[in-house]
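A.B. asks: File query.txt below, compact mmCIF, C-alpha atoms and all ligand atoms:
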# COMPACT_ATOMS: atom_id res chain seq x y z
CA MET F 207 -153.29 -65.30 106.93
CA LYS F 208 -156.47 -63.89 105.45
CA ILE F 209 -157.92 -66.35 102.95
CA LEU F 210 -160.72 -65.95 100.46
CA VAL F 211 -162.69 -69.19 100.04
CA THR F 212 -164.98 -69.27 97.00
CA GLY F 213 -167.69 -71.90 97.35
CA GLY F 214 -166.98 -71.87 101.09
CA THR F 215 -170.48 -72.87 102.21
CA GLY F 216 -170.38 -76.01 100.03
CA TYR F 217 -169.45 -79.53 101.09
CA ILE F 218 -165.65 -79.43 100.86
CA GLY F 219 -165.48 -75.64 101.31
CA SER F 220 -167.27 -75.66 104.67
CA HIS F 221 -164.97 -78.34 106.10
CA THR F 222 -161.97 -76.41 104.79
CA CYS F 223 -163.17 -73.20 106.46
CA VAL F 224 -163.36 -75.08 109.76
CA GLU F 225 -159.80 -76.41 109.39
CA LEU F 226 -158.46 -72.99 108.29
CA ILE F 227 -160.01 -71.29 111.31
CA LYS F 228 -158.70 -74.05 113.60
CA SER F 229 -155.21 -73.40 112.17
CA GLY F 230 -155.48 -69.71 113.05
CA HIS F 231 -156.34 -68.27 109.63
CA GLU F 232 -158.96 -65.62 108.92
CA VAL F 233 -161.62 -66.74 106.43
CA VAL F 234 -163.79 -64.72 104.05
CA ILE F 235 -166.36 -66.72 102.08
CA VAL F 236 -167.87 -65.89 98.69
CA ASP F 237 -170.73 -68.16 97.60
CA ASN F 238 -173.91 -67.60 95.60
CA LEU F 239 -175.69 -70.33 97.64
CA TYR F 240 -176.65 -72.17 94.44
CA ASN F 241 -175.81 -75.52 96.05
CA SER F 242 -175.50 -74.70 99.74
CA SER F 243 -177.29 -73.04 102.60
CA ILE F 244 -176.64 -69.91 104.63
CA THR F 245 -177.16 -72.04 107.77
CA VAL F 246 -173.72 -73.57 107.14
CA LEU F 247 -172.26 -70.33 108.56
CA ASP F 248 -173.96 -71.00 111.91
CA ALA F 249 -172.61 -74.55 111.87
CA ILE F 250 -169.07 -73.28 111.22
CA GLU F 251 -169.49 -70.80 114.07
CA HIS F 252 -170.82 -73.55 116.35
CA ILE F 253 -167.79 -75.74 115.64
CA THR F 254 -165.06 -73.06 115.68
CA LYS F 255 -166.62 -70.23 117.77
CA VAL F 256 -165.80 -67.93 114.82
CA LYS F 257 -168.31 -66.75 112.22
CA PRO F 258 -166.55 -66.21 108.91
CA THR F 259 -167.23 -63.05 106.93
CA PHE F 260 -169.66 -63.98 104.16
CA TYR F 261 -170.60 -62.41 100.83
CA GLN F 262 -173.47 -63.81 98.79
CA VAL F 263 -171.76 -63.12 95.50
CA ASP F 264 -171.72 -64.99 92.19
CA ILE F 265 -168.19 -65.23 90.79
CA LEU F 266 -169.70 -64.43 87.39
CA ASP F 267 -170.54 -60.97 88.79
CA LYS F 268 -167.19 -59.26 88.29
CA ILE F 269 -168.21 -55.97 89.86
CA ALA F 270 -169.44 -57.58 93.09
CA LEU F 271 -166.41 -59.88 93.25
CA ASN F 272 -164.06 -56.92 92.72
CA GLN F 273 -165.76 -55.12 95.60
CA VAL F 274 -164.85 -57.99 97.93
CA PHE F 275 -161.19 -57.58 96.92
CA LEU F 276 -161.44 -53.82 97.53
CA GLU F 277 -162.68 -54.48 101.07
CA HIS F 278 -160.05 -57.10 102.00
CA LYS F 279 -156.36 -57.69 101.38
CA PHE F 280 -156.12 -61.44 100.87
CA ASP F 281 -152.96 -63.49 101.30
CA ALA F 282 -154.36 -66.38 99.26
CA VAL F 283 -157.49 -67.72 97.57
CA ILE F 284 -158.94 -71.24 97.69
CA HIS F 285 -161.26 -71.66 94.73
CA PHE F 286 -164.04 -74.25 95.19
CA ALA F 287 -166.98 -72.46 93.53
CA GLY F 288 -168.32 -74.42 90.58
CA TYR F 289 -170.85 -76.95 89.38
CA LYS F 290 -169.92 -80.61 89.85
CA ALA F 291 -172.56 -83.00 88.44
CA VAL F 292 -171.03 -85.08 85.68
CA GLY F 293 -174.33 -86.18 84.07
CA GLU F 294 -175.80 -82.67 84.15
CA SER F 295 -172.64 -81.31 82.49
CA VAL F 296 -173.31 -83.58 79.52
CA SER F 297 -176.87 -82.15 79.16
CA ILE F 298 -176.00 -78.47 79.70
CA PRO F 299 -172.33 -78.10 78.77
CA LEU F 300 -172.46 -74.36 78.07
CA THR F 301 -173.75 -73.67 81.58
CA TYR F 302 -170.84 -75.67 82.98
CA TYR F 303 -168.25 -73.89 80.81
CA GLN F 304 -169.81 -70.53 81.73
CA ASN F 305 -169.76 -71.15 85.48
CA ASN F 306 -166.62 -73.23 85.90
CA VAL F 307 -164.42 -71.60 83.25
CA ALA F 308 -165.74 -68.04 82.70
CA GLY F 309 -166.41 -67.64 86.46
CA SER F 310 -162.86 -68.80 87.23
CA LEU F 311 -161.41 -66.40 84.63
CA ASN F 312 -163.18 -63.51 86.40
CA LEU F 313 -161.62 -64.58 89.67
CA TYR F 314 -158.10 -64.96 88.23
CA GLU F 315 -158.30 -61.54 86.51
CA ILE F 316 -159.46 -59.83 89.69
CA MET F 317 -156.73 -61.59 91.68
CA ARG F 318 -154.14 -60.31 89.18
CA GLU F 319 -155.53 -56.77 89.34
CA HIS F 320 -155.24 -56.81 93.14
CA ASN F 321 -151.84 -58.51 93.12
CA VAL F 322 -153.14 -61.58 94.97
CA LYS F 323 -151.18 -64.37 93.28
CA LYS F 324 -151.44 -67.32 95.68
CA LEU F 325 -154.10 -69.81 94.63
CA VAL F 326 -155.32 -73.28 95.58
CA PHE F 327 -157.60 -74.72 92.89
CA SER F 328 -160.13 -77.57 93.27
CA SER F 329 -159.32 -79.97 90.48
CA SER F 330 -160.31 -83.62 90.33
CA ALA F 331 -158.90 -87.07 89.62
CA THR F 332 -161.31 -86.98 86.68
CA VAL F 333 -158.51 -85.18 84.73
CA TYR F 334 -156.71 -88.55 84.47
CA GLY F 335 -159.52 -89.92 82.25
CA ASP F 336 -159.14 -93.69 81.97
CA PRO F 337 -155.70 -94.30 83.55
CA HIS F 338 -153.54 -97.06 82.05
CA THR F 339 -152.28 -98.21 85.41
CA VAL F 340 -152.71 -97.57 89.14
CA PRO F 341 -151.66 -96.01 91.46
CA ILE F 342 -152.03 -92.74 89.59
CA LYS F 343 -149.16 -90.26 89.69
CA GLU F 344 -149.42 -86.55 88.95
CA ASP F 345 -147.36 -86.84 85.73
CA PHE F 346 -149.77 -89.33 84.11
CA PRO F 347 -151.36 -88.19 80.81
CA LEU F 348 -154.44 -85.99 81.19
CA SER F 349 -157.74 -86.39 79.34
CA THR F 350 -161.43 -86.11 80.09
CA THR F 351 -164.61 -87.96 79.27
CA ASN F 352 -167.28 -85.33 80.04
CA PRO F 353 -167.74 -81.51 80.05
CA TYR F 354 -167.40 -81.28 83.84
CA GLY F 355 -163.99 -82.94 83.66
CA THR F 356 -163.03 -80.70 80.74
CA THR F 357 -163.81 -77.57 82.80
CA LYS F 358 -161.32 -78.83 85.42
CA LEU F 359 -158.67 -79.58 82.77
CA PHE F 360 -159.23 -76.17 81.11
CA ASN F 361 -158.70 -74.45 84.46
CA GLU F 362 -155.47 -76.37 84.98
CA MET F 363 -154.28 -75.37 81.48
CA ILE F 364 -155.27 -71.72 81.98
CA LEU F 365 -153.38 -71.64 85.28
CA GLN F 366 -150.30 -73.27 83.70
CA ASP F 367 -150.30 -70.53 81.04
CA LEU F 368 -150.82 -67.85 83.66
CA TYR F 369 -147.85 -69.12 85.65
CA LYS F 370 -145.68 -69.24 82.52
CA SER F 371 -146.56 -65.61 81.80
CA ASP F 372 -145.80 -64.50 85.37
CA PRO F 373 -143.80 -66.86 87.63
CA THR F 374 -144.51 -64.72 90.68
CA TRP F 375 -147.81 -66.62 90.91
CA SER F 376 -147.98 -69.63 93.18
CA ILE F 377 -150.60 -72.23 92.40
CA ALA F 378 -151.58 -75.63 93.77
CA LEU F 379 -153.83 -77.80 91.60
CA LEU F 380 -155.46 -80.27 93.98
CA ARG F 381 -156.74 -83.39 92.30
CA TYR F 382 -159.21 -84.95 94.71
CA PHE F 383 -160.05 -88.63 94.57
CA ASN F 384 -163.44 -89.52 96.16
CA PRO F 385 -164.31 -87.29 99.13
CA ILE F 386 -166.85 -88.77 101.57
CA GLY F 387 -167.61 -88.44 105.28
CA ALA F 388 -168.59 -85.44 107.33
CA HIS F 389 -167.43 -83.40 110.29
CA GLU F 390 -167.54 -85.44 113.51
CA SER F 391 -170.03 -82.94 114.99
CA GLY F 392 -172.62 -84.01 112.40
CA LEU F 393 -173.27 -80.30 111.76
CA ILE F 394 -171.79 -80.09 108.26
CA GLY F 395 -171.68 -82.69 105.51
CA GLU F 396 -172.80 -83.38 101.97
CA VAL F 397 -176.43 -82.67 101.14
CA PRO F 398 -177.00 -84.06 97.64
CA ASN F 399 -179.33 -82.22 95.34
CA GLY F 400 -182.03 -84.70 94.15
CA ILE F 401 -181.10 -88.31 93.47
CA PRO F 402 -177.41 -88.79 94.33
CA ASN F 403 -175.04 -89.82 91.55
CA ASN F 404 -172.18 -90.68 93.84
CA LEU F 405 -171.94 -93.94 95.73
CA LEU F 406 -171.74 -92.95 99.41
CA PRO F 407 -174.70 -90.52 99.42
CA TYR F 408 -176.74 -93.19 97.61
CA ILE F 409 -175.79 -95.82 100.19
CA ALA F 410 -176.64 -93.39 103.03
CA GLN F 411 -180.05 -92.58 101.57
CA THR F 412 -180.76 -96.30 101.07
CA ALA F 413 -179.85 -96.97 104.71
CA VAL F 414 -182.48 -94.47 105.91
CA GLY F 415 -185.10 -95.76 103.47
CA ILE F 416 -185.23 -92.78 101.07
CA ARG F 417 -184.06 -95.18 98.29
CA ASP F 418 -185.28 -98.79 98.00
CA TYR F 419 -181.96 -100.36 97.08
CA LEU F 420 -178.47 -99.57 95.86
CA ARG F 421 -177.79 -100.28 92.21
CA VAL F 422 -174.27 -101.67 91.95
CA PHE F 423 -172.98 -100.72 88.52
CA GLY F 424 -171.39 -103.95 87.32
CA ASP F 425 -169.79 -106.92 89.10
CA ASP F 426 -167.61 -108.13 86.22
CA TYR F 427 -164.66 -105.75 86.56
CA ASP F 428 -161.19 -107.17 87.11
CA THR F 429 -161.21 -106.25 90.82
CA VAL F 430 -161.30 -107.99 94.19
CA ASP F 431 -165.04 -108.76 93.97
CA GLY F 432 -165.87 -107.57 90.44
CA THR F 433 -167.21 -104.15 91.53
CA GLY F 434 -165.52 -100.80 90.87
CA VAL F 435 -162.64 -99.74 93.11
CA ARG F 436 -162.07 -96.11 94.24
CA ASP F 437 -159.88 -94.14 96.61
CA TYR F 438 -162.25 -92.70 99.24
CA ILE F 439 -160.85 -89.86 101.33
CA HIS F 440 -162.41 -88.35 104.46
CA VAL F 441 -163.52 -84.77 103.76
CA VAL F 442 -161.83 -83.56 106.96
CA ASP F 443 -158.52 -85.06 105.78
CA LEU F 444 -159.11 -83.38 102.42
CA ALA F 445 -159.80 -80.07 104.18
CA GLN F 446 -156.54 -80.38 106.11
CA GLY F 447 -154.80 -80.97 102.78
CA HIS F 448 -156.09 -77.55 101.69
CA VAL F 449 -154.60 -75.88 104.76
CA LYS F 450 -151.23 -77.48 103.92
CA ALA F 451 -151.55 -76.46 100.27
CA CYS F 452 -152.40 -72.90 101.28
CA GLU F 453 -149.34 -72.69 103.50
CA TYR F 454 -147.26 -74.18 100.65
CA VAL F 455 -148.34 -71.60 98.05
CA ILE F 456 -147.62 -68.79 100.50
CA HIS F 457 -143.99 -69.93 100.81
CA HIS F 458 -143.26 -70.94 97.20
CA GLU F 459 -143.51 -69.49 93.71
CA SER F 460 -144.48 -72.48 91.57
CA ILE F 461 -147.33 -74.37 89.99
CA GLU F 462 -147.75 -77.93 91.22
CA ALA F 463 -150.44 -80.57 90.88
CA PHE F 464 -151.09 -82.81 93.90
CA ASN F 465 -153.15 -85.96 94.28
CA LEU F 466 -155.24 -85.87 97.45
CA GLY F 467 -156.21 -89.44 98.19
CA THR F 468 -155.30 -92.20 100.62
CA GLY F 469 -153.54 -94.46 98.12
CA LYS F 470 -155.90 -97.33 99.02
CA GLY F 471 -158.76 -98.66 96.92
CA TYR F 472 -162.12 -100.01 98.15
CA SER F 473 -164.74 -101.76 96.05
CA VAL F 474 -168.42 -100.79 95.94
CA LEU F 475 -169.35 -103.84 98.02
CA GLN F 476 -166.55 -103.22 100.53
CA LEU F 477 -167.80 -99.65 101.05
CA LYS F 478 -171.39 -100.85 101.37
CA ASN F 479 -170.31 -103.42 103.98
CA ALA F 480 -168.34 -100.79 105.92
CA PHE F 481 -171.39 -98.51 105.92
CA GLU F 482 -173.65 -101.33 107.16
CA LYS F 483 -171.20 -101.99 110.00
CA ALA F 484 -170.99 -98.29 110.95
CA SER F 485 -174.74 -97.67 110.80
CA GLY F 486 -176.16 -100.98 111.94
CA LYS F 487 -178.56 -100.68 108.97
CA GLU F 488 -178.93 -103.05 106.07
CA VAL F 489 -178.32 -101.63 102.61
CA PRO F 490 -180.21 -103.76 100.07
CA PHE F 491 -178.58 -103.88 96.62
CA LYS F 492 -178.97 -105.24 93.11
CA ILE F 493 -176.26 -105.76 90.56
CA VAL F 494 -177.10 -103.84 87.38
CA GLU F 495 -175.31 -102.94 84.12
CA ARG F 496 -172.00 -101.09 84.22
CA ARG F 497 -172.38 -97.28 84.21
CA PRO F 498 -171.05 -95.86 80.92
CA GLY F 499 -167.77 -93.98 81.39
CA ASP F 500 -166.78 -95.80 84.62
CA VAL F 501 -163.30 -97.22 85.05
CA ALA F 502 -162.61 -100.43 86.97
CA THR F 503 -160.02 -99.13 89.41
CA CYS F 504 -158.84 -95.67 90.38
CA TYR F 505 -156.59 -94.80 93.29
CA ALA F 506 -153.88 -92.27 93.98
CA ASP F 507 -150.19 -92.38 94.52
CA PRO F 508 -150.18 -89.84 97.39
CA THR F 509 -146.36 -89.61 97.69
CA LYS F 510 -145.95 -86.13 96.20
CA ALA F 511 -148.45 -84.56 98.62
CA LEU F 512 -146.60 -86.24 101.49
CA GLU F 513 -143.17 -85.10 100.32
CA LEU F 514 -143.98 -81.49 99.35
CA LEU F 515 -146.99 -80.63 101.51
CA GLY F 516 -146.41 -82.96 104.44
CA PHE F 517 -149.96 -84.22 103.89
CA LYS F 518 -151.13 -87.75 104.66
CA ALA F 519 -154.78 -88.79 104.98
CA LYS F 520 -155.40 -90.32 108.41
CA CYS F 521 -158.96 -91.71 108.44
CA ASP F 522 -159.95 -95.17 107.26
CA VAL F 523 -163.23 -96.11 105.55
CA ASP F 524 -164.79 -97.19 108.84
CA GLN F 525 -164.33 -93.67 110.21
CA MET F 526 -165.59 -92.16 106.93
CA CYS F 527 -168.76 -94.29 107.07
CA LYS F 528 -169.29 -93.57 110.78
CA ASP F 529 -169.13 -89.81 110.22
CA SER F 530 -171.28 -89.97 107.07
CA TRP F 531 -173.90 -91.89 109.01
CA ASN F 532 -173.75 -89.48 111.95
CA PHE F 533 -174.54 -86.63 109.53
CA GLN F 534 -177.13 -88.49 107.44
CA LYS F 535 -179.19 -89.77 110.37
CA ASN F 536 -179.72 -86.21 111.64
CA LEU F 537 -180.83 -84.83 108.26
CA LYS F 538 -184.49 -83.84 108.23
P1 LIG Z 601 -170.54 -78.07 96.42
O1 LIG Z 601 -171.53 -77.94 95.34
O2 LIG Z 601 -170.98 -78.57 97.74
O3 LIG Z 601 -169.81 -76.66 96.67
C1 LIG Z 601 -169.59 -75.73 95.64
C2 LIG Z 601 -170.08 -74.38 96.13
O4 LIG Z 601 -169.86 -73.41 95.10
C3 LIG Z 601 -171.57 -74.37 96.47
O5 LIG Z 601 -171.75 -73.85 97.77
C4 LIG Z 601 -172.17 -73.47 95.40
O6 LIG Z 601 -173.27 -72.74 95.90
C5 LIG Z 601 -171.00 -72.59 95.04
N1 LIG Z 601 -171.04 -72.01 93.69
C6 LIG Z 601 -171.29 -72.65 92.51
N2 LIG Z 601 -171.23 -71.77 91.50
C7 LIG Z 601 -170.95 -70.55 92.03
C8 LIG Z 601 -170.76 -69.25 91.49
N3 LIG Z 601 -170.88 -69.01 90.18
N4 LIG Z 601 -170.47 -68.24 92.33
C9 LIG Z 601 -170.36 -68.44 93.67
N5 LIG Z 601 -170.55 -69.65 94.24
C10 LIG Z 601 -170.82 -70.70 93.42
O7 LIG Z 601 -169.33 -78.96 95.85
P2 LIG Z 601 -168.12 -79.64 96.61
O8 LIG Z 601 -168.33 -81.10 96.61
O9 LIG Z 601 -167.85 -78.94 97.87
O10 LIG Z 601 -166.96 -79.35 95.57
C11 LIG Z 601 -166.15 -78.19 95.66
C12 LIG Z 601 -165.22 -78.15 94.45
O11 LIG Z 601 -164.45 -79.34 94.41
C13 LIG Z 601 -165.96 -78.05 93.12
O12 LIG Z 601 -165.20 -77.20 92.27
C14 LIG Z 601 -165.93 -79.47 92.61
O13 LIG Z 601 -165.97 -79.51 91.19
C15 LIG Z 601 -164.58 -79.96 93.14
N6 LIG Z 601 -164.54 -81.42 93.29
C16 LIG Z 601 -165.49 -82.05 94.05
C17 LIG Z 601 -165.45 -83.44 94.18
C18 LIG Z 601 -166.48 -84.17 95.00
O14 LIG Z 601 -166.57 -85.39 94.90
N7 LIG Z 601 -167.27 -83.52 95.84
C19 LIG Z 601 -164.44 -84.17 93.55
C20 LIG Z 601 -163.48 -83.50 92.80
C21 LIG Z 601 -163.54 -82.13 92.67
C1 LIG Z 602 -167.64 -89.68 89.83
C2 LIG Z 602 -167.45 -88.94 88.54
C3 LIG Z 602 -166.15 -88.15 88.61
C4 LIG Z 602 -166.16 -87.22 89.82
C5 LIG Z 602 -166.38 -88.06 91.07
C6 LIG Z 602 -166.46 -87.24 92.34
C7 LIG Z 602 -168.60 -90.28 86.82
C8 LIG Z 602 -168.42 -91.19 85.64
N1 LIG Z 602 -167.45 -89.89 87.42
O1 LIG Z 602 -166.53 -90.54 90.00
O2 LIG Z 602 -165.98 -87.38 87.43
O3 LIG Z 602 -164.91 -86.53 89.92
O4 LIG Z 602 -167.62 -88.78 90.93
O5 LIG Z 602 -167.57 -86.40 92.30
O6 LIG Z 602 -169.70 -89.92 87.18
N2 LIG Z 602 -171.56 -96.75 91.98
C9 LIG Z 602 -172.54 -97.71 92.07
N3 LIG Z 602 -173.83 -97.31 92.31
C10 LIG Z 602 -174.17 -95.99 92.46
C11 LIG Z 602 -173.15 -95.02 92.38
C12 LIG Z 602 -171.86 -95.44 92.11
O7 LIG Z 602 -172.28 -98.90 91.92
O8 LIG Z 602 -175.36 -95.69 92.67
C13 LIG Z 602 -170.16 -97.17 91.77
C14 LIG Z 602 -169.52 -96.64 90.51
O9 LIG Z 602 -169.73 -97.49 89.43
C15 LIG Z 602 -168.04 -96.56 90.95
C16 LIG Z 602 -168.10 -96.27 92.44
O10 LIG Z 602 -169.42 -96.66 92.84
O11 LIG Z 602 -167.42 -97.81 90.78
C17 LIG Z 602 -167.91 -94.80 92.79
O12 LIG Z 602 -168.82 -94.00 92.02
P1 LIG Z 602 -168.99 -92.43 92.26
O13 LIG Z 602 -169.22 -92.16 93.70
O14 LIG Z 602 -170.00 -91.93 91.29
O15 LIG Z 602 -167.55 -91.83 91.93
P2 LIG Z 602 -166.65 -91.97 90.60
O16 LIG Z 602 -167.26 -92.84 89.60
O17 LIG Z 602 -165.28 -92.33 91.04
Is it possible to express this structure as structure tokens?

C.D. replies:
Amino acid sequence: MKILVTGGTGYIGSHTCVELIKSGHEVVIVDNLYNSSITVLDAIEHITKVKPTFYQVDILDKIALNQVFLEHKFDAVIHFAGYKAVGESVSIPLTYYQNNVAGSLNLYEIMREHNVKKLVFSSSATVYGDPHTVPIKEDFPLSTTNPYGTTKLFNEMILQDLYKSDPTWSIALLRYFNPIGAHESGLIGEVPNGIPNNLLPYIAQTAVGIRDYLRVFGDDYDTVDGTGVRDYIHVVDLAQGHVKACEYVIHHESIEAFNLGTGKGYSVLQLKNAFEKASGKEVPFKIVERRPGDVATCYADPTKALELLGFKAKCDVDQMCKDSWNFQKNLK
């Protein structure tokens, strides 16, 4: 199949391109390189021996995006392109709505005009807000606590309405839990912009001495050791979930939301300990105040993805930390 990947040079997008190519699909990438580098294309080529076709196009530029659809007949689209920093979205909400909602609307309109109606959308477990119980199932109530999360929920609602208006669409809404790790080659991985907000990149930068110590946001939650618990999923597993979702939308006409997680929760200190073991480096830490907006525990019920997509995450946190470290230690 020929697949358009928006945001394909980014963290999750690049790993997904690798897995798509490995599964025999042809990949065309659209990315404006706002949060990624052109060198990722060489890394993908190094790993797969195939260089994907690339367009440096902003999805807000409807004319340029339309041109890509005129040049290729796509079987499906995987839509990653967007901004993702929660804190920044609170400071500049209009920019987030413009990029993540207006940009997506451009894409969906152009897809409709070209009769490309198979879509895999990058949503997030953030659409569950503060869940009442865990594990989280796809039919739990949806709510958000910040503009970034709202852009994901708006996209889901827009796509539900689109499907209702025309059931020949086929759409998978993939709600990721906490992606970490990197490709085993160490050639692609997450390169955070500035000071990392997320836990694993912060731990990795502390291990190499870029940060003095990890701030653990609260140790008085009702969890195994008082620190927050999350469902960490290896980015290569996540990427393979996209291949499965892509193949699913090709063969069905439906709209379905899927949790992509492992179904297991790890605390902040458990992840820190696993990283120390994998890297052989000490990660100094201090317990500080809780971070506003954080929930105590969040992990997926991954049953639906197993039953409908045949997807099950394989890697454990030790492997995730090993691969994160392998990537981080080679970063200049
Ligand atoms: P990323 O920033 O590494 O990748 C996103 C890519 O989109 C970047 O390469 C960026 O340059 C590109 N992009 C942004 N705006 C664009 C535009 N207007 N036109 C063209 N390209 C544009 O992020 P990621 O971690 O790979 O996340 C991919 C998607 O998954 C995002 O939509 C994100 O919100 C979602 N998501 C990520 C996480 C996570 O923890 N990483 C969790 C849940 C959901
Ligand atoms: C965060 C976002 C969420 C987004 C997800 C993936 C918030 C409130 N939520 O989720 O919307 O979908 O990232 O991008 O920002 N922690 C520390 N010290 C740190 C960093 C984190 O103790 O320096 C703790 C947190 O309190 C939490 C856990 O580590 O318990 C994981 O944090 P993080 O990696 O930011 O992910 P989420 O909070 O799950």

A.B. asks: Which residue is closest to Leu276 of chain F? Choose from F:His448, F:Lys492, F:His320, F:His221 and count only C-alpha atoms.

C.D. replies: F:His320

A.B. asks: Leaving out Phe327 of chain F and any residue of its chain fewer than 4 positions from it, which residues lie within 10 Å of it when counting only C-alpha atoms, given as a PDB file with C-alpha atoms, in the frame of the given file?

C.D. replies:
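Below is the file that was written, result-v3.pdb:
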ATOM      1  CA  VAL F 283    -157.490 -67.720  97.570  1.00  0.00           C
ATOM      2  CA  ILE F 284    -158.940 -71.240  97.690  1.00  0.00           C
ATOM      3  CA  HIS F 285    -161.260 -71.660  94.730  1.00  0.00           C
ATOM      4  CA  PHE F 286    -164.040 -74.250  95.190  1.00  0.00           C
ATOM      5  CA  ALA F 287    -166.980 -72.460  93.530  1.00  0.00           C
ATOM      6  CA  SER F 310    -162.860 -68.800  87.230  1.00  0.00           C
ATOM      7  CA  LYS F 358    -161.320 -78.830  85.420  1.00  0.00           C
ATOM      8  CA  ASN F 361    -158.700 -74.450  84.460  1.00  0.00           C
ATOM      9  CA  GLU F 362    -155.470 -76.370  84.980  1.00  0.00           C
ATOM     10  CA  LEU F 365    -153.380 -71.640  85.280  1.00  0.00           C
ATOM     11  CA  ILE F 377    -150.600 -72.230  92.400  1.00  0.00           C
ATOM     12  CA  ALA F 378    -151.580 -75.630  93.770  1.00  0.00           C
ATOM     13  CA  LEU F 379    -153.830 -77.800  91.600  1.00  0.00           C
ATOM     14  CA  LEU F 380    -155.460 -80.270  93.980  1.00  0.00           C
ATOM     15  CA  ARG F 381    -156.740 -83.390  92.300  1.00  0.00           C
ATOM     16  CA  HIS F 448    -156.090 -77.550 101.690  1.00  0.00           C
ATOM     17  CA  ALA F 451    -151.550 -76.460 100.270  1.00  0.00           C
ATOM     18  CA  ALA F 463    -150.440 -80.570  90.880  1.00  0.00           C
TER      19      ALA F 463
END

A.B. asks: Please, which residues have at least one atom within 8 Å of an atom of ligand LIG 602 (chain Z), using all atoms listed in the file, listed as a count of residues only?

C.D. replies: 42

A.B. asks: Can you tell me how far atom CA of Gly516 of chain F sits from atom CA of Asn465 of chain F, in Å to one decimal?

C.D. replies: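 Atom-to-atom, atom CA of Gly516 of chain F to atom CA of Asn465 of chain F, that is 12.6 Å.
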
A.B. asks: Compute the set of protein, DNA and RNA residues whose minimum atom distance to ligand LIG 601 (chain Z) is at most 7 Å, using all atoms listed in the file, and state it as a ChimeraX atom specification.

C.D. replies: /F:212-219,236-242,263-266,286-290,305,309,328-331,381-385,396

A.B. asks: For the residues in the current selection, export C-alpha atoms as a compact mmCIF listing (two decimals), keeping the file's coordinate frame.

C.D. replies:
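Output (out-v4.txt):
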# COMPACT_ATOMS: atom_id res chain seq x y z
CA THR F 212 -164.98 -69.27 97.00
CA GLY F 213 -167.69 -71.90 97.35
CA GLY F 214 -166.98 -71.87 101.09
CA THR F 215 -170.48 -72.87 102.21
CA GLY F 216 -170.38 -76.01 100.03
CA TYR F 217 -169.45 -79.53 101.09
CA ILE F 218 -165.65 -79.43 100.86
CA GLY F 219 -165.48 -75.64 101.31
CA VAL F 236 -167.87 -65.89 98.69
CA ASP F 237 -170.73 -68.16 97.60
CA ASN F 238 -173.91 -67.60 95.60
CA LEU F 239 -175.69 -70.33 97.64
CA TYR F 240 -176.65 -72.17 94.44
CA ASN F 241 -175.81 -75.52 96.05
CA SER F 242 -175.50 -74.70 99.74
CA VAL F 263 -171.76 -63.12 95.50
CA ASP F 264 -171.72 -64.99 92.19
CA ILE F 265 -168.19 -65.23 90.79
CA LEU F 266 -169.70 -64.43 87.39
CA PHE F 286 -164.04 -74.25 95.19
CA ALA F 287 -166.98 -72.46 93.53
CA GLY F 288 -168.32 -74.42 90.58
CA TYR F 289 -170.85 -76.95 89.38
CA LYS F 290 -169.92 -80.61 89.85
CA ASN F 305 -169.76 -71.15 85.48
CA GLY F 309 -166.41 -67.64 86.46
CA SER F 328 -160.13 -77.57 93.27
CA SER F 329 -159.32 -79.97 90.48
CA SER F 330 -160.31 -83.62 90.33
CA ALA F 331 -158.90 -87.07 89.62
CA ARG F 381 -156.74 -83.39 92.30
CA TYR F 382 -159.21 -84.95 94.71
CA PHE F 383 -160.05 -88.63 94.57
CA ASN F 384 -163.44 -89.52 96.16
CA PRO F 385 -164.31 -87.29 99.13
CA GLU F 396 -172.80 -83.38 101.97

A.B. asks: So which residues touch Leu537 of chain F within 12 Å, counting all atoms listed in the file, skipping near sequence neighbours fewer than 2 positions away, as JSON, numbers by chain?

C.D. replies: {"F": [392, 393, 394, 395, 396, 397, 398, 410, 411, 414, 416, 530, 531, 532, 533, 534, 535]}

A.B. asks: Can you tell me which residues surround Tyr369 of chain F at a distance of at most 12 Å, considering only C-alpha atoms, apart from same-chain residues fewer than 4 positions away, and format the answer as a list in words?

C.D. replies: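 After dropping sequence-adjacent residues, the list is Tyr314, Arg318, Lys323, Lys324, Leu325, Glu362, Met363, Ile364, Leu365, Pro373, Thr374, Trp375, Ser376, Ile377, Ala378, Glu459, Ser460, Ile461 and Glu462 of chain F.
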
A.B. asks: Could you tell me how far atom CA of Leu313 of chain F sits from atom CA of Leu247 of chain F, in Å to one decimal place?

C.D. replies: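 Result for atom CA of Leu247 of chain F versus atom CA of Leu313 of chain F: 22.4 Å, one decimal.
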
A.B. asks: Report the distance between atom CA of His389 of chain F and atom CA of Gly447 of chain F in Å, rounded to one decimal place.

C.D. replies: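 Rounded to one decimal, the two atoms are 14.9 Å apart.
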
A.B. asks: Anything within 9 Å of (-150.4, -69.3, 103.4): list those residues as a short mmCIF file (atom, residue, chain, number, x, y, z; two decimals) with C-alpha atoms, keeping the file's coordinate frame, counting only C-alpha atoms and sticking to the file's coordinates.

C.D. replies:
data_model
loop_
_atom_site.label_atom_id
_atom_site.label_comp_id
_atom_site.auth_asym_id
_atom_site.auth_seq_id
_atom_site.Cartn_x
_atom_site.Cartn_y
_atom_site.Cartn_z
CA MET F 207 -153.29 -65.30 106.93
CA LYS F 208 -156.47 -63.89 105.45
CA ILE F 209 -157.92 -66.35 102.95
CA HIS F 231 -156.34 -68.27 109.63
CA ASP F 281 -152.96 -63.49 101.30
CA ALA F 282 -154.36 -66.38 99.26
CA LYS F 324 -151.44 -67.32 95.68
CA VAL F 449 -154.60 -75.88 104.76
CA LYS F 450 -151.23 -77.48 103.92
CA ALA F 451 -151.55 -76.46 100.27
CA CYS F 452 -152.40 -72.90 101.28
CA GLU F 453 -149.34 -72.69 103.50
CA TYR F 454 -147.26 -74.18 100.65
CA VAL F 455 -148.34 -71.60 98.05
CA ILE F 456 -147.62 -68.79 100.50
CA HIS F 457 -143.99 -69.93 100.81
#
